[in-house]
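Have a look at protein.cif below; it lists mmCIF, C-alpha atoms.
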data_coords
loop_
_atom_site.label_atom_id
_atom_site.label_comp_id
_atom_site.auth_asym_id
_atom_site.auth_seq_id
_atom_site.Cartn_x
_atom_site.Cartn_y
_atom_site.Cartn_z
CA MET I 1014 -17.70 -35.83 -52.32
CA LEU I 1015 -17.48 -36.94 -48.75
CA ASP I 1016 -14.09 -38.39 -49.42
CA ILE I 1017 -12.81 -35.01 -50.54
CA PHE I 1018 -14.07 -33.39 -47.39
CA ASN I 1019 -12.53 -36.08 -45.26
CA THR I 1020 -9.19 -35.80 -46.99
CA PHE I 1021 -8.97 -32.04 -46.42
CA THR I 1022 -10.11 -31.92 -42.84
CA LEU I 1023 -9.72 -28.36 -41.67
CA ALA I 1024 -10.81 -28.99 -38.12
CA GLU I 1025 -12.03 -31.78 -36.03
CA LEU I 1026 -13.47 -32.23 -32.62
CA GLU I 1027 -11.72 -34.28 -30.04
CA VAL I 1028 -13.28 -34.14 -26.61
CA GLY I 1029 -12.28 -36.54 -23.90
CA HIS I 1030 -9.23 -37.79 -25.70
CA HIS I 1031 -6.08 -37.34 -23.68
CA PHE I 1032 -2.43 -37.72 -24.36
CA TYR I 1033 -1.71 -39.92 -21.36
CA TRP I 1034 1.60 -39.94 -19.60
CA ARG I 1035 2.39 -42.55 -17.02
CA LEU I 1036 4.41 -41.68 -13.96
CA GLY I 1037 4.86 -44.75 -11.83
CA GLY I 1038 1.34 -46.02 -11.36
CA LEU I 1039 -0.19 -42.60 -12.05
CA GLN I 1040 -1.93 -41.33 -15.13
CA LEU I 1041 -1.33 -37.77 -16.27
CA HIS I 1042 -2.88 -35.64 -18.97
CA GLY I 1043 0.27 -34.83 -20.88
CA GLN I 1044 -1.22 -32.17 -23.14
CA VAL I 1045 -2.40 -30.14 -20.14
CA PHE I 1046 1.07 -30.15 -18.65
CA MET I 1047 2.71 -29.28 -21.94
CA THR I 1048 0.60 -26.15 -22.43
CA SER I 1049 0.74 -25.21 -18.76
CA TRP I 1050 4.54 -25.35 -18.90
CA ILE I 1051 4.48 -23.00 -21.85
CA VAL I 1052 2.17 -20.66 -19.90
CA ILE I 1053 4.39 -20.86 -16.82
CA GLY I 1054 7.45 -20.30 -18.99
CA LEU I 1055 5.86 -17.18 -20.49
CA LEU I 1056 5.08 -15.81 -17.04
CA LEU I 1057 8.57 -16.56 -15.75
CA ILE I 1058 10.33 -15.10 -18.78
CA ALA I 1059 8.20 -11.95 -18.63
CA SER I 1060 8.91 -11.61 -14.89
CA LEU I 1061 12.64 -12.18 -15.33
CA ILE I 1062 12.89 -9.63 -18.14
CA ALA I 1063 10.88 -7.15 -16.07
CA THR I 1064 12.98 -7.52 -12.91
CA ARG I 1065 16.37 -8.04 -14.55
CA ASN I 1066 17.24 -4.40 -14.17
CA VAL I 1067 14.73 -2.68 -11.91
CA GLN I 1068 14.78 1.07 -12.30
CA ARG I 1069 13.01 3.92 -10.62
CA VAL I 1070 11.57 5.11 -13.91
CA PRO I 1071 10.16 1.91 -15.39
CA GLN I 1072 10.62 1.14 -19.03
CA GLY I 1073 9.41 -1.48 -21.46
CA MET I 1074 8.77 -4.83 -19.84
CA GLN I 1075 9.18 -3.50 -16.31
CA ASN I 1076 6.50 -0.94 -17.01
CA PHE I 1077 4.15 -3.56 -18.43
CA MET I 1078 4.66 -6.00 -15.57
CA GLU I 1079 4.25 -3.22 -13.03
CA TYR I 1080 0.94 -2.47 -14.66
CA ALA I 1081 0.00 -6.16 -14.34
CA LEU I 1082 1.14 -6.18 -10.71
CA GLU I 1083 -0.88 -3.08 -9.88
CA PHE I 1084 -3.89 -4.63 -11.56
CA VAL I 1085 -3.75 -7.81 -9.43
CA ARG I 1086 -2.89 -5.74 -6.38
CA ASP I 1087 -6.06 -3.77 -6.95
CA ILE I 1088 -8.09 -6.97 -7.19
CA ALA I 1089 -6.70 -8.10 -3.84
CA LYS I 1090 -7.00 -4.63 -2.30
CA ASN I 1091 -10.60 -4.16 -3.35
CA GLN I 1092 -11.63 -7.43 -1.74
CA LEU I 1093 -9.34 -7.67 1.28
CA GLY I 1094 -8.89 -4.03 2.17
CA GLU I 1095 -5.79 -1.89 2.54
CA LYS I 1096 -4.71 -3.52 5.79
CA GLU I 1097 -4.87 -7.20 4.87
CA TYR I 1098 -4.19 -7.48 1.18
CA ARG I 1099 -0.39 -7.53 0.99
CA PRO I 1100 0.39 -11.14 2.00
CA TRP I 1101 -2.32 -12.44 -0.35
CA VAL I 1102 -1.19 -10.62 -3.49
CA PRO I 1103 1.11 -13.44 -4.69
CA PHE I 1104 -1.61 -16.10 -4.43
CA ILE I 1105 -4.45 -14.05 -5.93
CA GLY I 1106 -2.16 -12.47 -8.48
CA THR I 1107 -0.77 -15.80 -9.63
CA LEU I 1108 -4.31 -17.17 -9.88
CA PHE I 1109 -5.27 -14.30 -12.13
CA LEU I 1110 -2.12 -14.32 -14.25
CA PHE I 1111 -2.02 -18.10 -14.70
CA ILE I 1112 -5.70 -18.35 -15.61
CA PHE I 1113 -5.59 -15.27 -17.81
CA VAL I 1114 -2.52 -16.34 -19.76
CA SER I 1115 -3.87 -19.90 -20.03
CA ASN I 1116 -7.22 -18.73 -21.34
CA TRP I 1117 -5.74 -16.33 -23.84
CA SER I 1118 -3.19 -18.86 -24.98
CA GLY I 1119 -6.11 -21.18 -25.70
CA ALA I 1120 -7.85 -18.44 -27.68
CA LEU I 1121 -4.85 -16.95 -29.47
CA VAL I 1122 -2.30 -19.73 -30.00
CA PRO I 1123 -3.27 -22.27 -32.63
CA TRP I 1124 -2.33 -25.21 -30.43
CA ARG I 1125 -4.25 -27.66 -32.60
CA LEU I 1126 -1.79 -27.27 -35.45
CA ILE I 1127 0.85 -28.96 -33.31
CA GLU I 1128 0.48 -32.69 -33.74
CA ILE I 1129 0.69 -34.87 -30.67
CA PRO I 1130 0.14 -38.63 -30.67
CA GLU I 1131 -3.29 -38.48 -29.05
CA GLY I 1132 -5.74 -35.78 -28.03
CA GLU I 1133 -4.94 -32.17 -28.80
CA LEU I 1134 -3.24 -29.24 -27.17
CA ALA I 1135 -5.58 -26.66 -25.63
CA ALA I 1136 -5.78 -24.15 -22.83
CA PRO I 1137 -4.79 -25.79 -19.51
CA THR I 1138 -7.88 -24.26 -17.91
CA GLY I 1139 -10.08 -26.23 -20.27
CA ASP I 1140 -9.23 -29.36 -18.31
CA ILE I 1141 -11.30 -30.09 -15.22
CA ASN I 1142 -8.21 -31.24 -13.31
CA THR I 1143 -6.58 -27.83 -13.55
CA THR I 1144 -9.64 -25.86 -12.51
CA VAL I 1145 -10.43 -28.20 -9.60
CA ALA I 1146 -6.80 -27.98 -8.50
CA LEU I 1147 -6.99 -24.17 -8.49
CA ALA I 1148 -10.37 -24.17 -6.75
CA LEU I 1149 -9.18 -26.59 -4.04
CA LEU I 1150 -6.10 -24.43 -3.49
CA THR I 1151 -8.44 -21.47 -3.04
CA SER I 1152 -10.42 -23.43 -0.45
CA LEU I 1153 -7.21 -24.35 1.35
CA ALA I 1154 -6.17 -20.71 1.21
CA TYR I 1155 -9.30 -19.40 2.85
CA PHE I 1156 -9.32 -22.13 5.47
CA TYR I 1157 -5.71 -21.23 6.20
CA ALA I 1158 -6.65 -17.56 6.36
CA GLY I 1159 -9.49 -18.28 8.78
CA PHE I 1160 -7.52 -20.57 11.08
CA SER I 1161 -4.40 -18.41 11.14
CA ARG I 1162 -6.49 -15.38 12.04
CA ARG I 1163 -8.97 -16.80 14.53
CA GLY I 1164 -7.70 -20.28 15.42
CA LEU I 1165 -10.43 -22.74 16.29
CA GLY I 1166 -12.78 -19.80 16.69
CA TYR I 1167 -13.05 -20.00 12.93
CA PHE I 1168 -15.58 -22.81 13.40
CA ALA I 1169 -17.82 -20.31 15.13
CA LYS I 1170 -18.71 -18.91 11.73
CA TYR I 1171 -20.69 -22.09 11.03
CA ILE I 1172 -23.15 -21.35 13.83
CA GLU I 1173 -23.18 -17.59 13.43
CA PRO I 1174 -25.55 -15.82 13.44
CA THR I 1175 -27.75 -18.86 14.17
CA PRO I 1176 -27.05 -22.61 14.31
CA ILE I 1177 -30.05 -23.21 12.06
CA LEU I 1178 -27.89 -22.21 9.10
CA LEU I 1179 -25.22 -24.82 9.99
CA PRO I 1180 -26.08 -27.15 7.06
CA ILE I 1181 -26.00 -24.27 4.61
CA ALA I 1182 -22.73 -23.00 6.04
CA ILE I 1183 -21.17 -26.44 5.64
CA LEU I 1184 -22.64 -26.78 2.18
CA GLU I 1185 -21.01 -23.46 1.26
CA ASP I 1186 -17.55 -24.95 1.73
CA PHE I 1187 -18.40 -27.48 -0.96
CA THR I 1188 -20.22 -25.19 -3.34
CA LYS I 1189 -17.47 -22.59 -3.37
CA PRO I 1190 -14.73 -24.73 -4.97
CA LEU I 1191 -17.33 -26.54 -7.06
CA SER I 1192 -18.74 -23.37 -8.57
CA LEU I 1193 -15.28 -21.83 -9.01
CA SER I 1194 -13.89 -24.82 -10.86
CA PHE I 1195 -16.96 -25.58 -12.97
CA ARG I 1196 -17.50 -21.97 -13.96
CA LEU I 1197 -13.97 -21.67 -15.31
CA PHE I 1198 -13.87 -25.13 -16.85
CA GLY I 1199 -17.29 -24.75 -18.45
CA ASN I 1200 -16.60 -21.33 -19.91
CA ILE I 1201 -13.26 -22.23 -21.42
CA LEU I 1202 -14.27 -25.63 -22.73
CA ALA I 1203 -17.54 -24.28 -24.12
CA ASP I 1204 -15.72 -21.44 -25.83
CA GLU I 1205 -13.24 -23.84 -27.41
CA LEU I 1206 -16.03 -26.17 -28.51
CA VAL I 1207 -18.11 -23.39 -30.04
CA VAL I 1208 -15.11 -22.08 -31.94
CA ALA I 1209 -14.18 -25.59 -33.06
CA VAL I 1210 -17.71 -26.35 -34.24
CA LEU I 1211 -17.96 -23.07 -36.13
CA VAL I 1212 -14.57 -23.62 -37.73
CA LEU I 1213 -15.74 -27.09 -38.68
CA LEU I 1214 -18.82 -25.66 -40.39
CA VAL I 1215 -17.43 -22.44 -41.91
CA PRO I 1216 -13.67 -22.26 -41.80
CA LEU I 1217 -13.28 -18.59 -42.71
CA PHE I 1218 -14.30 -15.30 -41.02
CA ILE I 1219 -17.58 -16.52 -39.48
CA PRO I 1220 -15.92 -17.82 -36.29
CA LEU I 1221 -14.11 -14.52 -35.75
CA PRO I 1222 -16.85 -12.75 -33.71
CA VAL I 1223 -17.18 -15.83 -31.51
CA MET I 1224 -13.41 -15.92 -31.06
CA MET I 1225 -13.47 -12.25 -30.02
CA LEU I 1226 -16.23 -13.06 -27.55
CA GLY I 1227 -14.04 -15.93 -26.37
CA LEU I 1228 -11.17 -13.54 -25.66
CA PHE I 1229 -13.54 -11.34 -23.69
CA THR I 1230 -15.07 -14.14 -21.60
CA SER I 1231 -11.62 -15.63 -21.01
CA ALA I 1232 -10.41 -12.39 -19.50
CA ILE I 1233 -13.61 -12.00 -17.48
CA GLN I 1234 -13.33 -15.55 -16.15
CA ALA I 1235 -9.78 -14.96 -14.95
CA LEU I 1236 -10.94 -11.78 -13.22
CA VAL I 1237 -13.96 -13.53 -11.70
CA PHE I 1238 -11.89 -16.42 -10.38
CA ALA I 1239 -9.30 -14.14 -8.77
CA THR I 1240 -11.91 -11.77 -7.37
CA LEU I 1241 -14.01 -14.58 -5.89
CA ALA I 1242 -10.92 -16.20 -4.36
CA ALA I 1243 -10.03 -12.87 -2.77
CA ALA I 1244 -13.62 -12.42 -1.56
CA TYR I 1245 -13.65 -15.90 0.05
CA ILE I 1246 -10.34 -15.18 1.80
CA HIS I 1247 -11.69 -11.86 3.02
CA GLU I 1248 -14.80 -13.56 4.35
CA ALA I 1249 -12.68 -16.09 6.24
CA LEU I 1250 -10.51 -13.31 7.67
CA GLU I 1251 -13.39 -11.13 8.79
CA GLY I 1252 -16.11 -13.66 9.64
CA HIS I 1253 -19.82 -13.19 9.22
CA GLY I 1254 -20.67 -11.52 12.46
CA GLU I 1255 -18.01 -8.83 12.58
CA MET M 296 -14.36 -35.07 -19.96
CA PHE M 297 -14.57 -35.41 -16.19
CA ASP M 298 -11.78 -37.89 -15.71
CA PHE M 299 -9.85 -36.97 -12.61
CA ASP M 300 -6.40 -38.45 -12.19
CA ALA M 301 -2.96 -37.53 -10.91
CA THR M 302 -3.04 -34.39 -13.10
CA LEU M 303 -5.01 -32.67 -10.34
CA PRO M 304 -2.55 -32.89 -7.40
CA LEU M 305 0.44 -32.36 -9.66
CA MET M 306 -1.19 -29.28 -11.19
CA ALA M 307 -1.90 -27.97 -7.70
CA LEU M 308 1.71 -28.59 -6.70
CA GLN M 309 2.89 -26.94 -9.88
CA PHE M 310 0.71 -23.94 -9.20
CA VAL M 311 2.02 -23.59 -5.64
CA LEU M 312 5.57 -23.75 -6.98
CA LEU M 313 4.69 -21.13 -9.60
CA THR M 314 3.31 -18.89 -6.86
CA LEU M 315 6.49 -19.27 -4.81
CA VAL M 316 8.78 -18.64 -7.78
CA LEU M 317 6.75 -15.67 -9.01
CA ASN M 318 6.76 -14.30 -5.47
CA ALA M 319 10.55 -14.31 -5.58
CA VAL M 320 11.09 -13.07 -9.13
CA PHE M 321 8.01 -10.93 -9.74
CA TYR M 322 5.93 -9.79 -6.77
CA LYS M 323 8.67 -8.96 -4.29
CA PRO M 324 11.07 -7.03 -6.56
CA LEU M 325 8.35 -5.08 -8.35
CA THR M 326 6.39 -4.35 -5.17
CA LYS M 327 9.63 -3.11 -3.68
CA ALA M 328 10.26 -0.96 -6.74
CA ILE M 329 6.75 0.51 -6.62
CA ASP M 330 6.94 1.18 -2.87
CA GLU M 331 10.36 2.80 -3.21
CA ARG M 332 9.10 4.97 -6.01
CA GLU M 333 6.11 6.03 -3.92
CA ASP M 334 8.43 6.84 -1.02
CA TYR M 335 10.67 8.81 -3.33
CA ILE M 336 7.76 10.76 -4.73
CA ARG M 337 6.31 11.38 -1.29
CA THR M 338 9.59 12.64 0.18
CA GLY M 339 10.23 14.61 -3.00
CA SER M 340 6.89 16.37 -2.82
CA THR M 341 7.28 17.00 0.92
CA ASP M 342 10.70 18.51 0.27
CA ALA M 343 9.33 20.60 -2.54
CA ALA M 344 6.47 21.84 -0.35
CA GLU M 345 8.94 22.74 2.40
CA ARG M 346 11.17 24.55 -0.04
CA LEU M 347 8.22 26.38 -1.50
CA ALA M 348 7.12 27.48 1.97
CA LYS M 349 10.67 28.59 2.73
CA ALA M 350 10.90 30.51 -0.53
CA GLU M 351 7.60 32.21 0.17
CA ARG M 352 8.74 33.08 3.67
CA LEU M 353 11.98 34.53 2.31
CA ALA M 354 10.14 36.49 -0.37
CA LYS M 355 7.85 37.95 2.28
CA GLN M 356 10.81 38.82 4.45
CA TYR M 357 12.60 40.48 1.55
CA GLU M 358 9.49 42.41 0.66
CA GLN M 359 9.23 43.66 4.21
CA GLU M 360 12.87 44.67 4.20
CA LEU M 361 12.40 46.35 0.86
CA ALA M 362 9.40 48.30 2.14
CA GLU M 363 11.33 49.29 5.25
CA SER M 364 14.34 50.51 3.31
CA ARG M 365 12.04 52.37 0.96
CA LYS M 366 10.51 54.09 3.95
CA GLN M 367 13.98 54.87 5.27
CA SER M 368 15.14 56.30 1.98
CA GLN M 369 11.96 58.38 1.81
CA ALA M 370 12.69 59.70 5.29
CA ILE M 371 16.28 60.45 4.35
CA ILE M 372 15.18 62.29 1.23
CA THR M 373 12.63 64.28 3.20
CA ALA M 374 15.22 65.16 5.81
CA ALA M 375 17.74 66.17 3.16
CA GLN M 376 15.14 68.27 1.41
CA ALA M 377 14.22 69.98 4.67
CA GLU M 378 17.84 70.62 5.46
CA ALA M 379 18.46 71.99 2.00
CA GLN M 380 15.41 74.21 2.37
CA LYS M 381 16.74 75.44 5.68
CA ILE M 382 20.17 76.13 4.25
CA VAL M 383 18.64 77.94 1.29
CA ALA M 384 16.46 80.02 3.54
CA GLN M 385 19.34 80.80 5.84
CA GLN M 386 21.62 81.80 2.99
CA ILE M 387 18.91 83.92 1.44
CA THR M 388 18.42 85.67 4.76
CA GLU M 389 22.14 86.20 5.13
CA ALA M 390 22.43 87.54 1.61
CA GLN M 391 19.49 89.83 2.18
CA GLN M 392 21.01 91.07 5.42
CA GLU M 393 24.35 91.64 3.72
CA ALA M 394 22.68 93.51 0.88
CA GLN M 395 20.75 95.53 3.38
CA SER M 396 23.85 96.40 5.33
CA GLN M 397 25.76 97.23 2.16
CA ARG M 398 22.92 99.42 1.00
CA GLU M 399 22.79 101.18 4.35
CA GLN M 400 26.53 101.70 4.26
CA ALA M 401 26.34 103.09 0.74
CA GLN M 402 23.51 105.33 1.82
CA ARG M 403 25.54 106.50 4.75
CA GLU M 404 28.58 107.21 2.54
CA LEU M 405 26.34 108.95 0.09
CA ASP M 406 24.85 111.08 2.85
CA GLN M 407 28.27 111.87 4.18
CA GLN M 408 29.59 112.86 0.76
CA LYS M 409 26.48 114.90 0.17
CA GLN M 410 27.06 116.56 3.46
CA GLU M 411 30.71 117.24 2.56
CA ALA M 412 29.75 118.50 -0.86
CA MET M 413 27.13 120.74 0.66
CA THR M 414 29.68 122.04 3.15
CA SER M 415 32.30 122.75 0.51
CA LEU M 416 29.62 124.14 -1.74
CA GLU M 417 28.52 126.47 1.02
CA GLN M 418 32.12 127.58 1.52
CA GLN M 419 32.53 128.15 -2.20
CA VAL M 420 29.20 129.95 -2.28
CA GLU M 421 30.43 132.17 0.51
CA ALA M 422 33.74 132.84 -1.24
CA LEU M 423 32.05 133.48 -4.55
CA SER M 424 29.45 135.71 -3.02
CA GLN M 425 32.30 137.55 -1.27
CA GLN M 426 34.08 137.94 -4.61
CA ILE M 427 30.87 139.05 -6.33
CA PHE M 428 30.26 141.47 -3.52
CA GLU M 429 33.82 142.81 -3.73
CA LYS M 430 33.60 143.09 -7.55
CA LEU M 431 30.30 144.89 -7.40
CA LEU M 432 31.06 147.11 -4.49
CA GLY M 433 34.89 147.20 -4.62
CA SER M 434 34.98 149.79 -7.39
CA GLN M 435 32.56 152.01 -5.60
CA LEU M 436 34.34 151.50 -2.38
CA ALA M 437 37.65 151.92 -3.82
#
Could I get this structure in the form of structure tokens?
Amino acid sequence: MLDIFNTFTLAELEVGHHFYWRLGGLQLHGQVFMTSWIVIGLLLIASLIATRNVQRVPQGMQNFMEYALEFVRDIAKNQLGEKEYRPWVPFIGTLFLFIFVSNWSGALVPWRLIEIPEGELAAPTGDINTTVALALLTSLAYFYAGFSRRGLGYFAKYIEPTPILLPIAILEDFTKPLSLSFRLFGNILADELVVAVLVLLVPLFIPLPVMMLGLFTSAIQALVFATLAAAYIHEALEGHGE
Amino acid sequence: MFDFDATLPLMALQFVLLTLVLNAVFYKPLTKAIDEREDYIRTGSTDAAERLAKAERLAKQYEQELAESRKQSQAIITAAQAEAQKIVAQQITEAQQEAQSQREQAQRELDQQKQEAMTSLEQQVEALSQQIFEKLLGSQLA
């Protein structure tokens, strides 16, 4: 009996296995790059189709991508305000689009059917390296925002309104990227694991509600990441006291 | 699960590159398109509002002119009616005067002829009475 089940494996769990690439002395997670390139390719192709022939009355792809652009613009505008948001739209928008398309590709594209020598293809955001990279970029972005706006006066925010909060203010700079990256990573990985486990147990129909929930949380996580990034940048631009 | 390696910096680099490329092929052209469209709509609606105001102003002006010319035509009609009334009255008076004068003249002629007839009648009466007198008395006198 067990042999039959093992011969017709419908799904299996592989966590922590990676398809390693070596670049000089460096180790890379190949499967993450492969899926991220597909995601990036999707975004680029959609953008190129949308802007190939820009018209005043938008049609088809241009219309769709304008909707996407206005959506991410609204995220940035709601957090940063009408006056400040424009230069930050590309960063916040790309955060949202990349995370959103990555998450949904993980939920919608049956990556696991594609055989690679080791590990398995999955959403790029399900790898801690990707989420930490995005979170660190967000930290860099808000430090850049703070310093470019207020110069060294940006440090004043650590002792405002009172120096007693200095340790907490410093701690915040570590918790922000940490919470950003772990929230995204945890949600996506957990969603993939739950779906994988359910598929392992009951291959048909039963995992569908969980997969729908996965689509929902994936979208929410992309929105949360982009919104929080925008909120952190806004905080750095405005400061606590003002 | 938590194995960090060179994936992290390369992914960050890749993401920055993606942001730059998308900025060139996605954000800038479409933002420009949206802004241009908003400008177009704004100027279009401003133009339309101006034209509407102008049209309303013109309509008002035309209405005023219309009312004025109506008033003028009313005045002209009234004047013409008054003049016609005057002419009618004058002509009636003239006709009445003429009739009067004609009647008086006829009366006068009538009187005159009556007078003449009376005169000739008197003469004839005299002659006849003379004849009668002669016939009656002539035989006796003769």
Counting all atoms listed in the file, what is within 6 Å of stretch 1152-1165 of chain I, bar same-chain residues fewer than 6 positions away, as a PyMOL selection string? chain I and resi 1246+1249-1250
Residues of chain I were defined as contacting chain M if any atom lay at most 7 Å from it, counting all atoms listed in the file; please report them as a VMD selection string. chain I and resid 1028 to 1029 1039 to 1042 1060 to 1061 1064 1069 1079 1103 to 1104 1107 1141 to 1143 1146 to 1147 1150
What's the 9 Å shell around I:Leu1193, counting only C-alpha atoms, without same-chain residues fewer than 6 positions away, as a list in words? Thr1144, Val1145, Leu1147, Ala1148, Val1237, Phe1238, Leu1241 and Ala1242 of chain I
Interatomic distance, atom CA of I:Thr1230 to atom CA of I:Val1215 (Å, one decimal): 22.1 Å
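What separates atom CA of I:Leu1056 from atom CA of I:Phe1032 is a distance of 24.3 Å.
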Could you list, as a PyMOL selection string, every residue matched by the PyMOL selection byres ((chain I and resi 1171) around 12) in this structure? chain I and resi 1165-1170+1172-1186+1249+1252-1254
Store the residues of this selection in a file with C-alpha atoms, as an mmCIF file, in the coordinates of the input.
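Resulting contents of part17.cif:
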data_model
loop_
_atom_site.group_PDB
_atom_site.id
_atom_site.type_symbol
_atom_site.label_atom_id
_atom_site.label_comp_id
_atom_site.auth_asym_id
_atom_site.auth_seq_id
_atom_site.Cartn_x
_atom_site.Cartn_y
_atom_site.Cartn_z
ATOM 1 C CA LEU I 1165 -10.430 -22.740 16.290
ATOM 2 C CA GLY I 1166 -12.780 -19.800 16.690
ATOM 3 C CA TYR I 1167 -13.050 -20.000 12.930
ATOM 4 C CA PHE I 1168 -15.580 -22.810 13.400
ATOM 5 C CA ALA I 1169 -17.820 -20.310 15.130
ATOM 6 C CA LYS I 1170 -18.710 -18.910 11.730
ATOM 7 C CA ILE I 1172 -23.150 -21.350 13.830
ATOM 8 C CA GLU I 1173 -23.180 -17.590 13.430
ATOM 9 C CA PRO I 1174 -25.550 -15.820 13.440
ATOM 10 C CA THR I 1175 -27.750 -18.860 14.170
ATOM 11 C CA PRO I 1176 -27.050 -22.610 14.310
ATOM 12 C CA ILE I 1177 -30.050 -23.210 12.060
ATOM 13 C CA LEU I 1178 -27.890 -22.210 9.100
ATOM 14 C CA LEU I 1179 -25.220 -24.820 9.990
ATOM 15 C CA PRO I 1180 -26.080 -27.150 7.060
ATOM 16 C CA ILE I 1181 -26.000 -24.270 4.610
ATOM 17 C CA ALA I 1182 -22.730 -23.000 6.040
ATOM 18 C CA ILE I 1183 -21.170 -26.440 5.640
ATOM 19 C CA LEU I 1184 -22.640 -26.780 2.180
ATOM 20 C CA GLU I 1185 -21.010 -23.460 1.260
ATOM 21 C CA ASP I 1186 -17.550 -24.950 1.730
ATOM 22 C CA ALA I 1249 -12.680 -16.090 6.240
ATOM 23 C CA GLY I 1252 -16.110 -13.660 9.640
ATOM 24 C CA HIS I 1253 -19.820 -13.190 9.220
ATOM 25 C CA GLY I 1254 -20.670 -11.520 12.460
#
